[in-house]
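Step one of this worksheet: look at the structure below.
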Amino acid sequence: MATSKVFDNFVDFGDNPYLTGPHEPVRKEITESTLECIGEIPKDFSGIYLRNGPNQRFQPYGSYHWFDGDGMVHSAHFEDGKVSYKNRWVTTKAFEIESNKKKSIWPGLMDTPDRALETAWGSDLWLKDNSNTDITIHAGKAISTFYQCGEAYSLDPLNLNTLGSIDLRSIGARQMSAHCLTDEATGDLLFFDYAAKPPYMTYGVLNKKSELVNFTEIDLPGARLPHSMAFTTNYSILMDLPMFWDPKLLKEDIHKVTFYPEIQSRFGVLKRMASGDTIRWFEADPCYIYHVINSWEEGAEVVLDVCRMSTPVPSPEVRQKLSGPYGTMLAWLKLDACYHRYRFNLETGNTKEERIDDLLTEFPTINNRYGGLPSRYSYHVSLADTDVILFDGLVKIDSNTKNSQTYKFPEGSFGSEMQFAPRNNSQTEDDGYLLTFVTNTKSNKGEIQIFPAEDLSKGPLCQLIVPQQIPPGFHSSFVLPENL
Ligand SMILES: [Fe+2]
């Protein structure tokens with residue numbers, strides 16, 4: 001059955017490159033279960049691929065940054081060789097307030113904070129919580145979150161209705177950042193937040209019944225901007241990285257993200273259920289990390305695999321090339337991360353680190369059944385040489401052999417963060433399929449593509465054509481039928 005809900009406001013988004021072209025927001029929420037299919041949908045897997053991302057509804061308050069857009073979740077539900085697509089905005093508290101007023105209320109990341117606003121979120125409590133960044137499956141619900149901390153919104157993974165926010169403060173926690181993680185082995189949800197004022201970081205655990213079973217402050221030397229965390233069977237790993245708001249300017253309410261190459265990176269290893277004052281910090285070379293690949297224990301060592309940026313600030317060449325009114329945003333969104341491995345020795349306190357792969361890749365995912373456990377394969381996107389972020393290819397990396405497989409999309413098509421869908425009764429780590437949404441700028445329609453995980457370089461087994469565009473976005477998850 002096909003349904004469609006059109007949002008009536010017409011907005012001229014001007015020439016902002018993150019509101020036009022492939023990044024132009026869609027105006028309709030649709031449900032479509034009859035999709036044109038090129039190839040054949042494999043019948044030996046089931047589940048739901050979900051992807052969050054910015055999809056601005058109203059004329060922006062001021063300067064628009066890609067991170068400011070209202071969260072919209074796209075889903076592809078696979079069952080018995082059939083698929084249904086839908087997309088829905090996350091109806092956050094801010095989205096409802098702005099919908100009632102029919103305009104944007106909150107300044108964005110590139111604007112000046114408006115401290116007169118009664119309600120705001122974010123690590124410095126002035127941004128709109130648009131819940132646009134991440135989506136994680138926990139206790140049968142999809143949890144959407146915001147990269148700069150906010151509320152955790154609970155969505156029905158089947159119909160994508162927003163069920164409301166988890167009232168973190170009433171259960172004793174504070175806010176939740178994007179990149180909270182579900183341990184599929186226990187059902188625990190591990191989360192953190194960060195803030196401009198002490199406590200600069202908190203860490204918590206919700207069990208599979210959504211009860212808060214650990215919550216603790218993490219002592220940091222100042223306000224930090226961590227983007228993600230990691231976990232193993234016994235430990236959680238939190239980050240104190242040397243890219244953060246200039247502390248002097250922050251006192252004047254100016255948020256200037258600055259990289260301090262003279263300061264070491266620090267990784268805090270904490271027993272999952274322990275108090276923050278027992279955390280052990282391991283030092284490593286200065287860098288910034290957006291995304292974790294996986295982490296696990298090997299004897300006395302905690303292994304942490306990430307996509308690491310050694311120089312996270314734009315180079316003079318990039319700054320010169322990307323000038324103009326949107327130049328600063330475009331330059332800072334240039335990601336040049338590589339696969340990197342840390343080993344933190346719990347007996348000696350030493351850190352070892354090495355680059356695993358020289359390819360520039362980002363938005364890594366794994367077979368989620370291996371989360372916190374030793375894993376070999378990870379699935380990344382490659383970044384197109386364009387002013388805006390677009391993913392022009394897919395990469396599978398084998399960290400044992402350091403070999404990789406790549407697939408390049410045809411010109412004008414761009415992918416999304418992949419998810420691994422295991423084949424029914426799969427026995428090996430890569431026995432399954434890789435799912436991605438595609439933004440096809442030639443047809444101006446979205447696509448759902450399915451690749452064989454054993455060898456993604458073979459190209460898609462199946463392309464399903466969605467009647468409207470699917471703009472590029474951020475993070476995704478895959479819901480196994482047993483987790484619904
Ligand atoms: Fe992220």
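Going by the structure tokens order, chains are called A, B, ..., each with residues numbered from 1, while ligands are numbered from 1 in the order shown.
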
Could you make a table, as a Markdown table, of the residues of chain A that have an atom within 10 Å of an atom of ligand 1, each with its nearest atom pair and distance in Å to one decimal, counting only C-alpha atoms and all ligand atoms, in chain and number order?
| residue | atom | partner | partner_atom_place_in_ligand_line | distance |
| --- | --- | --- | --- | --- |
| A:Thr133 | CA | ligand 1 | 1 (Fe) | 6.5 |
| A:Asp134 | CA | ligand 1 | 1 (Fe) | 6.9 |
| A:Phe146 | CA | ligand 1 | 1 (Fe) | 9.2 |
| A:Tyr147 | CA | ligand 1 | 1 (Fe) | 6.7 |
| A:Ser177 | CA | ligand 1 | 1 (Fe) | 9.8 |
| A:Ala178 | CA | ligand 1 | 1 (Fe) | 6.8 |
| A:His179 | CA | ligand 1 | 1 (Fe) | 6.6 |
| A:His227 | CA | ligand 1 | 1 (Fe) | 6.4 |
| A:Ser228 | CA | ligand 1 | 1 (Fe) | 7.0 |
| A:Ile289 | CA | ligand 1 | 1 (Fe) | 9.6 |
| A:Tyr290 | CA | ligand 1 | 1 (Fe) | 5.8 |
| A:His291 | CA | ligand 1 | 1 (Fe) | 6.0 |
| A:Val292 | CA | ligand 1 | 1 (Fe) | 9.1 |
| A:Glu362 | CA | ligand 1 | 1 (Fe) | 9.6 |
| A:Phe363 | CA | ligand 1 | 1 (Fe) | 7.3 |
| A:Pro364 | CA | ligand 1 | 1 (Fe) | 9.8 |
| A:Phe474 | CA | ligand 1 | 1 (Fe) | 6.7 |
| A:His475 | CA | ligand 1 | 1 (Fe) | 6.5 |
| A:Ser476 | CA | ligand 1 | 1 (Fe) | 9.9 |

For the residues in that selection, give me N, CA and C atoms as a CSV table (one decimal), in the first residue's frame.
chain,number,residue,atom,x,y,z
A,133,THR,N,21.2,12.5,14.2
A,133,THR,CA,22.5,12.0,13.9
A,133,THR,C,22.6,10.4,13.9
A,134,ASP,N,22.0,9.8,14.8
A,134,ASP,CA,22.2,8.4,15.0
A,134,ASP,C,20.9,7.6,15.3
A,146,PHE,N,21.3,12.8,19.0
A,146,PHE,CA,21.9,14.1,18.5
A,146,PHE,C,23.3,14.1,18.8
A,147,TYR,N,24.2,14.5,17.8
A,147,TYR,CA,25.6,14.4,18.0
A,147,TYR,C,26.1,15.3,19.1
A,177,SER,N,24.5,11.5,24.1
A,177,SER,CA,25.1,11.9,22.8
A,177,SER,C,24.7,10.8,21.7
A,178,ALA,N,24.9,11.2,20.5
A,178,ALA,CA,24.9,10.2,19.4
A,178,ALA,C,26.0,9.1,19.7
A,179,HIS,N,25.9,8.0,19.1
A,179,HIS,CA,26.8,6.9,19.2
A,179,HIS,C,26.8,6.2,20.6
A,227,HIS,N,33.0,12.4,20.0
A,227,HIS,CA,31.9,12.1,19.1
A,227,HIS,C,31.4,10.7,19.3
A,228,SER,N,32.2,9.8,19.9
A,228,SER,CA,31.7,8.4,20.0
A,228,SER,C,32.4,7.7,21.2
A,289,ILE,N,38.8,11.7,16.4
A,289,ILE,CA,38.1,10.5,15.9
A,289,ILE,C,36.6,10.7,15.9
A,290,TYR,N,36.0,10.6,14.8
A,290,TYR,CA,34.5,10.6,14.8
A,290,TYR,C,34.0,9.2,15.1
A,291,HIS,N,34.5,8.2,14.4
A,291,HIS,CA,33.8,6.9,14.5
A,291,HIS,C,34.7,5.7,14.8
A,292,VAL,N,34.1,4.9,15.7
A,292,VAL,CA,34.7,3.7,16.1
A,292,VAL,C,34.2,2.6,15.2
A,362,GLU,N,35.3,6.4,5.8
A,362,GLU,CA,34.5,6.8,7.0
A,362,GLU,C,33.2,6.0,7.2
A,363,PHE,N,32.4,6.4,8.2
A,363,PHE,CA,31.2,5.8,8.5
A,363,PHE,C,31.3,4.2,8.5
A,364,PRO,N,32.2,3.7,9.4
A,364,PRO,CA,32.4,2.3,9.4
A,364,PRO,C,31.3,1.6,10.2
A,474,PHE,N,23.3,10.5,7.9
A,474,PHE,CA,24.4,10.1,8.8
A,474,PHE,C,24.3,8.6,9.1
A,475,HIS,N,23.8,8.3,10.3
A,475,HIS,CA,24.0,6.9,10.8
A,475,HIS,C,22.8,6.0,10.7
A,476,SER,N,23.1,4.7,10.8
A,476,SER,CA,22.1,3.7,10.5
A,476,SER,C,22.1,2.6,11.5

With only C-alpha atoms as the counted atoms, please give the residues lying no more than 12 Å from Ser443 in chain A, apart from itself and same-chain residues fewer than 5 positions off, as a PDB file with C-alpha atoms, in the first residue's frame.
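What ended up in around_3.pdb:
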ATOM      1  CA  PRO A  22      21.686  15.943  -3.691  1.00  0.00           C
ATOM      2  CA  GLU A 411      28.545   8.841 -11.813  1.00  0.00           C
ATOM      3  CA  GLY A 412      25.829  10.839 -10.050  1.00  0.00           C
ATOM      4  CA  SER A 413      24.933   8.131  -7.516  1.00  0.00           C
ATOM      5  CA  VAL A 438      21.451   5.584  -2.704  1.00  0.00           C
ATOM      6  CA  ILE A 465      13.717   2.343  -6.926  1.00  0.00           C
ATOM      7  CA  VAL A 466      12.014   4.643  -4.408  1.00  0.00           C
ATOM      8  CA  PRO A 467       9.597   7.178  -5.968  1.00  0.00           C
ATOM      9  CA  GLN A 468      11.291  10.190  -4.341  1.00  0.00           C
ATOM     10  CA  GLN A 469      14.863  11.165  -3.540  1.00  0.00           C
ATOM     11  CA  ILE A 470      16.710   9.898  -0.461  1.00  0.00           C
TER      12      ILE A 470
END

Requested in this report: Tell me which protein, DNA and RNA residues are within 9 Å of Met229 in chain A, counting only C-alpha atoms, leaving out same-chain ones fewer than 2 positions away, and put them as a PyMOL selection string.
Outcome: chain A and resi 179-181+190-192+226-227+231+236-239+291-292

Query raised in the report: Using only C-alpha atoms, which of the listed residues (A:Thr386, A:Asn345, A:Ser404, A:Thr311) sits closest to Asp357 in chain A?
Result: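 Smallest separation from Asp357 in chain A among the options: A:Ser404.
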
**Report entry** CA of Met418 in chain A to CA of Leu435 in chain A, straight-line distance in Å
**Finding:** 5.4 Å

Requested in this report: Please return as a list of chain:residue names: the residues of range 159-195 of chain A that backbone DSSP assigns to strand (DSSP E).
Outcome: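 DSSP-assigned strand (DSSP E) residues in range 159-195 of chain A: A:Thr162, A:Leu163, A:Gly164, A:Ser165, A:Ile166, A:Leu181, A:Thr182, A:Leu189, A:Leu190, A:Phe191, A:Phe192, A:Asp193, A:Tyr194.
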
Requested in this report: Determine, counting only C-alpha atoms, which protein, DNA and RNA residues have an atom within 12 Å of an atom of Met243 in chain A; residues of the same chain fewer than 6 positions away are not included. Present the result as a PyMOL selection string.
Outcome: chain A and resi 222-227+256-266+286-290+309-313

Requested in this report: Run DSSP on the backbone of this structure and report the residues of range 93-292 of chain A it assigns to helix (DSSP H, G or I), as a VMD selection string.
Outcome: chain A and resid 93 to 101 247 to 251 276 to 278

Query raised in the report: Quick one: residues within 12 Å of Glu283 in chain A, only C-alpha atoms counted, chain neighbours fewer than 5 positions away excluded, as a list in words?
Result: Met239, Asp240, Leu241, Pro242, Ile263, Gln264, Ser265, Arg266, Phe267, Gly268, Val269, Tyr342, Arg343, Phe344, Asn345, Gly349, Asn350, Thr351, Lys352 and Glu353 of chain A

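When the distance limit is 8 Å and only C-alpha atoms are what count, the residues near Thr233 in chain A, minus those fewer than 3 positions from it on the same chain, are Trp296, Glu297, Gly372 and Leu373 of chain A.
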
With C-alpha atoms kept, could you save the residues just selected as a short mmCIF file (atom, residue, chain, number, x, y, z; two decimals), in the first residue's frame?
data_model
loop_
_atom_site.label_atom_id
_atom_site.label_comp_id
_atom_site.auth_asym_id
_atom_site.auth_seq_id
_atom_site.Cartn_x
_atom_site.Cartn_y
_atom_site.Cartn_z
CA TRP A 296 37.45 -6.11 22.10
CA GLU A 297 39.73 -7.75 24.65
CA GLY A 372 32.56 -5.81 21.59
CA LEU A 373 34.00 -9.11 20.33
#

Tell me, as an mmCIF file with C-alpha atoms, in the first residue's frame, which residues lie within 12 Å of Lys458 in chain A, counting only C-alpha atoms; anything in the same chain fewer than 3 positions away does not count.
data_model
loop_
_atom_site.group_PDB
_atom_site.id
_atom_site.type_symbol
_atom_site.label_atom_id
_atom_site.label_comp_id
_atom_site.auth_asym_id
_atom_site.auth_seq_id
_atom_site.Cartn_x
_atom_site.Cartn_y
_atom_site.Cartn_z
ATOM 1 C CA LEU A 394 31.764 1.295 -0.633
ATOM 2 C CA VAL A 395 34.766 -0.429 0.912
ATOM 3 C CA LYS A 396 35.094 -3.701 2.825
ATOM 4 C CA GLN A 405 37.332 -4.690 -1.678
ATOM 5 C CA THR A 406 35.850 -1.582 -3.247
ATOM 6 C CA TYR A 407 32.789 -0.665 -5.252
ATOM 7 C CA LYS A 408 32.367 2.700 -7.005
ATOM 8 C CA PHE A 409 28.866 3.962 -7.708
ATOM 9 C CA LEU A 434 25.180 -5.150 2.827
ATOM 10 C CA ILE A 450 21.702 -4.880 -1.658
ATOM 11 C CA PHE A 451 25.279 -6.158 -2.021
ATOM 12 C CA PRO A 452 26.802 -9.565 -1.266
ATOM 13 C CA ALA A 453 28.909 -9.043 1.886
ATOM 14 C CA GLU A 454 31.388 -11.754 0.853
ATOM 15 C CA ASP A 455 32.423 -9.630 -2.136
ATOM 16 C CA LEU A 461 22.430 -7.871 -6.401
ATOM 17 C CA CYS A 462 19.361 -5.730 -6.399
#

Report summary line: CA of Phe58 in chain A sits from CA of Gly122 in chain A at a separation of 19.9 Å

Query raised in the report: For the atom pair CA of Tyr339 in chain A and CA of Cys307 in chain A, what is the interatomic distance in Å to one decimal place?
Result: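 According to the coordinates, CA of Tyr339 in chain A and CA of Cys307 in chain A are separated by 4.7 Å.
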